[in-house]
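I have placed the structure first, in the form of structure tokens, so that the comments after it can refer back to it.
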Number of protein chains: 4
Amino acid sequence: MSRKKLRSDMGWSTADRIVVRGHDLVDLIGNVSLGDFAFLELKGRLPTAEESRVFNAITITLVEHGMTPSTIAARLTYLGAPEALQGAVAAGLLGMGDRFGGPAEEVARMLQEALEEAGEKADLQALAEGIVARQVEAKRPIPGLGHPVHKPVDPRTPRLFEVAAANGFSGRYVELIQVVAEQASRVLGRKLTVNATGAIGAIASELGFPWQICRGLAVMARAVGLVGHLQEEQADPLAGEIWARVEDESSEHLRES
Amino acid sequence: MSRKKLRSDMGWSTADRIVVRGHDLVDLIGNVSLGDFAFLELKGRLPTAEESRVFNAITITLVEHGMTPSTIAARLTYLGAPEALQGAVAAGLLGMGDRFGGPAEEVARMLQEALEEAGEKADLQALAEGIVARQVEAKRPIPGLGHPVHKPVDPRTPRLFEVAAANGFSGRYVELIQVVAEQASRVLGRKLTVNATGAIGAIASELGFPWQICRGLAVMARAVGLVGHLQEEQADPLAGEIWARVEDESSEHLRES
Amino acid sequence: MSRKKLRSDMGWSTADRIVVRGHDLVDLIGNVSLGDFAFLELKGRLPTAEESRVFNAITITLVEHGMTPSTIAARLTYLGAPEALQGAVAAGLLGMGDRFGGPAEEVARMLQEALEEAGEKADLQALAEGIVARQVEAKRPIPGLGHPVHKPVDPRTPRLFEVAAANGFSGRYVELIQVVAEQASRVLGRKLTVNATGAIGAIASELGFPWQICRGLAVMARAVGLVGHLQEEQADPLAGEIWARVEDESSEHLRES
Amino acid sequence: MSRKKLRSDMGWSTADRIVVRGHDLVDLIGNVSLGDFAFLELKGRLPTAEESRVFNAITITLVEHGMTPSTIAARLTYLGAPEALQGAVAAGLLGMGDRFGGPAEEVARMLQEALEEAGEKADLQALAEGIVARQVEAKRPIPGLGHPVHKPVDPRTPRLFEVAAANGFSGRYVELIQVVAEQASRVLGRKLTVNATGAIGAIASELGFPWQICRGLAVMARAVGLVGHLQEEQADPLAGEIWARVEDESSEHLRES
């Protein structure tokens with residue numbers, strides 16, 4: 001009982017050929033980098049030199065953030081299941097949700113919906129006013145602005161914008177997030193600047209990625225970082241020590257009673 | 001009650017600085033590709049031009065294999081939890097175990113243990129004889145040889161070896177896996193060639209990756225491919241159709257009774 | 001640099017004692033069932049006989065739904081990683097998101113927020129009118145009503161309500177979801193009845209579970225079902241056949257061109 | 001291109017009926033507990049009263065172990081992805097691998113393979129001597145014996161064996177693991193006793209569970225415990241504090257340099 005033909009354009013193979021997104025894989029091996037291959041996966045074509053520089057810039061920014069909940073969870077998981085490194089990476093990725101992987105998606109959505117609705121010639125200042133007013137009214141922070149650690153300026157942001165501009169990807173999305181930051185600073189009465197997530201959400205939009213997949217950029221990049229952490233954990237394990245300390249301290253009040 | 005100092009060299013940051021493996025991230029953005037950044041994560045230093053070509057060659061080979069159990073599982077998961085793309089990627093990665101992600105690790109282990117034990121001047125033919133004999137005795141297939149689809153020759157293998165050789169990474173590991181293939185063909189009486197996994201396990205060993213992390217190369221690469229599949233699933237969902245067909249057929253015998 | 005004392009009341013142990021939620025585990029073994037132990041985990045006390053019947057009734061309803069995206073994903077994952085059954089269960093659980101695990105949470109939230117806001121003596125008809133009007137205005141379905149397969153009446157619902165009533169757990173939440181169903185039927189002009197998820201969300205609220213954990217009831221129950229499916233998959237594997245069919249069909253158009 | 005008929009006996013449904021393992025679900029709701037339902041899932045029939053007591057005894061023993069790597073990983077994951085509780089449970093389960101979920105499987109395998117090979121009338125002392133000799137020769141610990149914390153006697157073990165005996169499930173598997181413990185103590189020259197995992201592996205074998213699914217018993221039970229921990233984390237979060245401490249300490253040496 002077939003209702004719909006199953007159909008995928010990602011890849012296929014025969015005995016002597018492997019094709020990825022229309023390219024013979026053998027032609028790509030040795031000529032295309034991992035980042036450009038990721039672009040091919042998502043866009044169905046290889047990037048131009050400019051697209052490559054910008055896409056690789058945003059993905060490397062997402063790889064490594066030191067000891068985060070995600071990397072600690074991966075290390076703890078590896079302690080329990082050393083037979084299945086894939087499980088430890090998966091556990092780490094599961095923390096890339098609304099709080100860590102979601103914000104780039106949220107920024108891209110905010111910018112894409114605003115510009116799509118308003119059309120090409122929209123007044124960015126008016127759009128920014130609308131965005132800020134809506135968030136303030138809903139008592140929600142404005143996605144892509146401010147950072148608990150990197151303040152007043154997230155050092156990644158000017159560099160990401162610089163790379164985007166130098167390669168022709170500093171358009172309306174990048175402009176809008178900056179106008180939003182200025183408007184938010186005025187309304188909230190304190191200096192708010194675009195953080196790395198805000199820059200990435202805007203630049204991913206410039207590259208034409210739909211907002212729905214932007215969380216995926218963070219997820220694929222973080223997978224790289226997690227493998228790095230697990231290699232370090234293999235050589236010098238920390239998970240056992242973290243476990244022992246947390247277990248001891250968290251049950252201290254019960255032992256004493 | 002601290003027993004061991006927690007210590008990681010992966011990355012750290014202050015208000016105005018983010019450091020990854022000793023490099024200021026801002027210096028890398030716009031200059032380093034995702035593949036080279038992955039090398040940095042794992043090696044603690046950026047690759048040479050030659051290392052970069054070889055490392056990117058093996059990682060892109062692992063990204064996309066079309067509709068596999070892993071990508072189908074990711075699509076089915078996304079159907080149930082569209083709020084959490086990270087979960088769908090994680091579900092897909094969880095299938096990169098002993099059968100799909102493990103073989104590269106197994107090849108690297110086989111080669112590294114053989115050469116480490118036997119020393120630099122080991123006779124490769126003797127090593128290959130030992131390896132084949134042990135696997136045959138244990139009635140286990142020899143890792144890295146043969147392929148159910150790509151036969152008699154896996155088209156990726158000669159290209160991977162060519163790229164490795166052109167960049168100075170065709171050494172003892174690459175030689176050994178080839179001698180193993182010849183020896184296995186002799187002993188088993190049928191032509192066995194090195195498959196892509198065999199080539200990758202050997203080349204990863206040439207690049208100095210410990211076998212324990214080789215499964216991680218497959219996992220990080222596959223994360224990229226899974227995001228590609230999920231983007232396609234967002235645009236043109238197949239999971240519902242797969243579900244309906246499997247559910248109907250698998251319970252048919254119960255409905256009829 | 002400790003900012004907050006870590007503290008958990010779930011469980012702790014010494015050389016000769018294991019304590020779970022204040023109970024010596026050894027006293028529970030042989031006397032307490034898995035369902036009642038789950039209640040203890042969540043409530044910090046063992047259930048009464050009535051609570052036990054109602055809690056077990058809602059959890060068993062959530063265990064097994066046949067071949068769903070979740071169980072198919074678990075089977076496909078097991079094919080790739082037979083060394084790590086935990087990964088296959090995890091992959092299956094990852095599909096218990098907004099579409100399959102979330103609705104019970106959504107119902108419980110809708111009912112709990114409505115009754116909490118309106119107070120004990122609230123007029124249920126007025127609350128139901130507000131709920132239905134809000135959902136209709138937002139063009140969103142009303143959680144807990146209707147079912148694509150089990151119509152006009154979900155056979156689990158009357159039984160769940162019967163068990164709840166027989167044990168003294170048919171209060172304001174159960175009444176409200178039923179009034180919501182009647183109101184929705186009136187407004188939308190077609191008969192809508194409470195589905196099993198709606199009943200479970202209401203009864204979990206009667207048992208005093210905060211809505212935030214209700215998705216967890218589905219998740220723990222489904223873990224049981226997934227282990228059942230994986231045992232069947234071990235004995236009679238289907239994943240390989242599903243893979244082969246999906247791969248063949250989905251790339252047919254590419255092979256032909 | 002269908003090669004094999006897809007077929008599952010777990011469950012199915014029509015508009016007015018839901019059937020699980022041959023039972024109408026509506027008949028089970030209110031009459032069957034979660035533990036007995038789990039038995040039904042795995043065995044295809046409801047347990048006897050004796051089986052129920054023994055099966056519930058082993059599963060509740062596996063639910064809660066306080067602050068373990070698994071529960072800490074789940075809490076850290078929830079911090080990053082509060083929208084997807086299922087992901088946090090999955091992350092916690094992923095740590096139930098060779099080190100924490102695997103041992104019950106290993107014990108069951110050891111006992112089942114020994115008794116299957118040797119037949120019904122096998123001399124248990126001879127079997128135990130063989131088992132201990134093989135493990136000692138391979139320099140591997142004997143599964144199911146000893147415990148880092150619960151020594152000299154794991155308090156769960158005598159109680160589990162007592163419940164098994166009282167219900168008629170103290171047969172050759174239970175006897176064998178005890179003879180193995182005595183033999184190991186003699187050979188290794190120190191008192192080794194059966195731990196809870198050893199008891200569970202033996203009793204699961206008495207209940208007729210194939211060793212391949214025994215890890216699944218730990219996984220399903222732990223899912224219950226993880227939901228308990230996540231409810232506590234929702235009310236009183238610890239993950240942020242753990243993150244802050246680990247991040248600070250682990251990068252201290254880099255900040256100072």
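Chain identifiers are assigned as A, B, and so on, following the order in which chains appear in the structure tokens; residues are numbered from 1 within each chain, and ligands are numbered from 1 in order of appearance.
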- Message: If DSSP is run on the backbone, what residues of segment 93-215 of chain D are alpha helix (DSSP H)? A reply as a VMD selection string would be ideal.
- Response: chain D and resid 93 102 to 118 124 to 137 156 to 166 172 to 188 196 to 206 214 to 215
- Task: Pick out the residues sitting within 10 Å of Glu249 of chain B, and hand them over as a ChimeraX atom specification; count only C-alpha atoms, and ignore anything fewer than 3 positions along from it in its own chain.
- Result: /A:1 /B:244-246,252-254 /C:67 /D:5-8
Since we have the selection now, will you write its residues out, keeping C-alpha atoms, as a PDB file, in the first residue's frame?
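Listing of again05.pdb after writing:
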ATOM      1  CA  MET A   1       0.000   0.000   0.000  1.00  0.00           C
TER       2      MET A   1
ATOM      3  CA  ALA B 244       2.699   3.855   7.476  1.00  0.00           C
ATOM      4  CA  ARG B 245       4.067   1.138   5.237  1.00  0.00           C
ATOM      5  CA  VAL B 246       6.036  -0.644   7.951  1.00  0.00           C
ATOM      6  CA  GLU B 252      -1.116  -7.565   8.652  1.00  0.00           C
ATOM      7  CA  HIS B 253      -0.978 -11.125   9.950  1.00  0.00           C
ATOM      8  CA  LEU B 254      -2.510 -10.033  13.262  1.00  0.00           C
TER       9      LEU B 254
ATOM     10  CA  MET C  67       5.415  -0.219  14.908  1.00  0.00           C
TER      11      MET C  67
ATOM     12  CA  LYS D   5       7.792  -9.956   4.796  1.00  0.00           C
ATOM     13  CA  LEU D   6       7.858  -7.436   7.635  1.00  0.00           C
ATOM     14  CA  ARG D   7       6.185  -8.949  10.658  1.00  0.00           C
ATOM     15  CA  SER D   8       5.926  -7.952  14.299  1.00  0.00           C
TER      16      SER D   8
END
Give me, as a Markdown table, the closest atom pair and its distance (Å, one decimal) for every residue of chain C within a cut-off of 6 Å of chain B, counting only C-alpha atoms, rows sorted by chain and rising number.
| residue | atom | partner | partner_atom | distance |
| --- | --- | --- | --- | --- |
| C:Met67 | CA | B:Glu247 | CA | 5.0 |
| C:Pro69 | CA | B:Leu76 | CA | 5.1 |
| C:Ala73 | CA | B:Ala73 | CA | 4.3 |
| C:Leu76 | CA | B:Pro69 | CA | 5.1 |
| C:Thr77 | CA | B:Gly95 | CA | 4.3 |
| C:Gly80 | CA | B:Gly95 | CA | 4.5 |
| C:Ala81 | CA | B:Gly97 | CA | 3.9 |
| C:Gly87 | CA | B:Leu94 | CA | 5.7 |
| C:Ala91 | CA | B:Ala91 | CA | 4.5 |
| C:Leu94 | CA | B:Gly87 | CA | 5.7 |
| C:Gly95 | CA | B:Thr77 | CA | 4.3 |
| C:Met96 | CA | B:Gly80 | CA | 5.9 |
| C:Gly97 | CA | B:Ala81 | CA | 3.9 |
| C:Asp98 | CA | B:Ala81 | CA | 5.2 |
| C:Arg99 | CA | B:Gly80 | CA | 5.0 |
| C:Phe100 | CA | B:Gly80 | CA | 5.7 |
| C:Trp243 | CA | B:Pro69 | CA | 5.7 |
| C:Glu247 | CA | B:Met67 | CA | 5.0 |
- atom CA of Arg17 of chain C to atom CA of Thr48 of chain C, straight-line distance in Å: 25.5 Å
- Message: Need the shell around Leu207 of chain D: protein/DNA/RNA residues with any atom at most 8 Å away, counting only C-alpha atoms. Skip same-chain ones fewer than 5 positions apart. Format as a PyMOL selection string?
- Response: chain D and resi 51+55+169
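Residues within 8 Å of Ile29 of chain A, counting only C-alpha atoms and excluding same-chain residues fewer than 2 positions away, are A:Leu25, A:Val26, A:Asp27, A:Asn31, A:Val32, B:Asn56, B:Ala57, B:Ile58, B:Ile60, B:Thr61, B:Arg159, B:Leu160, B:Val163.
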- Message: Residues within 12 Å of Phe37 of chain C, please, as an MDAnalysis selection string. Count only C-alpha atoms; anything in the same chain fewer than 3 positions from it doesn't count.
- Response: (chainID C and resid 20:21 23 25 28:34 40:47 52 55:56) or (chainID D and resid 33:35 56:64 221:222 224:225 228)
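For the atom pair formed by atom CA of Val180 of chain C and atom CA of Trp12 of chain D, the distance is 29.2 Å, given to one decimal.
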- Task: Excluding His150 of chain D and any residue of its chain fewer than 4 positions from it, enumerate the residues within 7 Å of it, using only C-alpha atoms, and give them as a PyMOL selection string.
- Result: (chain C and resi 14-16) or (chain D and resi 154)
Neighbour list for Val187 of chain C as a PDB file with N, CA and C atoms, in the first residue's frame, cut-off 10 Å, only C-alpha atoms, skip fewer than 5 positions in-chain:
ATOM      1  N   GLU C 129     -14.668  27.382  27.613  1.00  0.00           N
ATOM      2  CA  GLU C 129     -14.935  28.342  26.530  1.00  0.00           C
ATOM      3  C   GLU C 129     -13.684  29.152  26.222  1.00  0.00           C
ATOM      4  N   VAL C 132     -11.035  26.821  24.415  1.00  0.00           N
ATOM      5  CA  VAL C 132     -11.385  26.532  23.023  1.00  0.00           C
ATOM      6  C   VAL C 132     -11.254  27.785  22.164  1.00  0.00           C
ATOM      7  N   ALA C 133     -11.701  28.896  22.684  1.00  0.00           N
ATOM      8  CA  ALA C 133     -11.632  30.142  21.904  1.00  0.00           C
ATOM      9  C   ALA C 133     -10.177  30.495  21.583  1.00  0.00           C
ATOM     10  N   VAL C 136      -8.828  28.054  18.912  1.00  0.00           N
ATOM     11  CA  VAL C 136      -9.450  28.309  17.609  1.00  0.00           C
ATOM     12  C   VAL C 136      -8.870  29.582  16.997  1.00  0.00           C
ATOM     13  N   ALA C 181     -13.972  19.092  25.713  1.00  0.00           N
ATOM     14  CA  ALA C 181     -14.343  18.296  24.533  1.00  0.00           C
ATOM     15  C   ALA C 181     -15.745  18.655  24.051  1.00  0.00           C
ATOM     16  N   GLU C 182     -16.653  18.808  24.994  1.00  0.00           N
ATOM     17  CA  GLU C 182     -18.023  19.178  24.590  1.00  0.00           C
ATOM     18  C   GLU C 182     -18.064  20.568  23.958  1.00  0.00           C
TER      19      GLU C 182
END
- Identify, with DSSP run on backbone atoms, the residues in segment 2-57 of chain C assigned to strand (DSSP E or B), and express the list as number ranges by chain. C: 11-14, 17-20, 23-24
Quick one: write out the picked residues with N, CA and C atoms as a PDB file, in the first residue's frame?
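See out30.pdb below for the written result:
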ATOM      1  N   GLY C  11      18.864   9.467  46.050  1.00  0.00           N
ATOM      2  CA  GLY C  11      19.367   8.222  46.628  1.00  0.00           C
ATOM      3  C   GLY C  11      20.802   8.359  47.071  1.00  0.00           C
ATOM      4  N   TRP C  12      21.239   7.482  47.930  1.00  0.00           N
ATOM      5  CA  TRP C  12      22.634   7.477  48.379  1.00  0.00           C
ATOM      6  C   TRP C  12      22.933   6.112  48.983  1.00  0.00           C
ATOM      7  N   SER C  13      24.214   5.850  49.208  1.00  0.00           N
ATOM      8  CA  SER C  13      24.547   4.534  49.745  1.00  0.00           C
ATOM      9  C   SER C  13      25.835   4.576  50.551  1.00  0.00           C
ATOM     10  N   THR C  14      25.964   3.601  51.421  1.00  0.00           N
ATOM     11  CA  THR C  14      27.219   3.359  52.131  1.00  0.00           C
ATOM     12  C   THR C  14      27.575   1.894  51.873  1.00  0.00           C
ATOM     13  N   ARG C  17      24.484  -0.181  52.956  1.00  0.00           N
ATOM     14  CA  ARG C  17      23.132   0.351  52.872  1.00  0.00           C
ATOM     15  C   ARG C  17      22.913   1.121  51.588  1.00  0.00           C
ATOM     16  N   ILE C  18      21.735   0.942  50.987  1.00  0.00           N
ATOM     17  CA  ILE C  18      21.356   1.714  49.809  1.00  0.00           C
ATOM     18  C   ILE C  18      20.000   2.317  50.099  1.00  0.00           C
ATOM     19  N   VAL C  19      19.923   3.630  49.996  1.00  0.00           N
ATOM     20  CA  VAL C  19      18.694   4.316  50.360  1.00  0.00           C
ATOM     21  C   VAL C  19      18.143   5.043  49.128  1.00  0.00           C
ATOM     22  N   VAL C  20      16.873   4.812  48.841  1.00  0.00           N
ATOM     23  CA  VAL C  20      16.215   5.483  47.721  1.00  0.00           C
ATOM     24  C   VAL C  20      15.045   6.277  48.279  1.00  0.00           C
ATOM     25  N   HIS C  23      13.877   5.398  51.670  1.00  0.00           N
ATOM     26  CA  HIS C  23      13.575   3.995  51.981  1.00  0.00           C
ATOM     27  C   HIS C  23      14.818   3.135  51.790  1.00  0.00           C
ATOM     28  N   ASP C  24      15.010   2.205  52.702  1.00  0.00           N
ATOM     29  CA  ASP C  24      16.088   1.249  52.501  1.00  0.00           C
ATOM     30  C   ASP C  24      15.703   0.342  51.335  1.00  0.00           C
TER      31      ASP C  24
END
- Message: Using Å and a single decimal, report how far atom CA of Ala122 of chain A sits from atom CA of Leu145 of chain A.
- Response: 21.8 Å
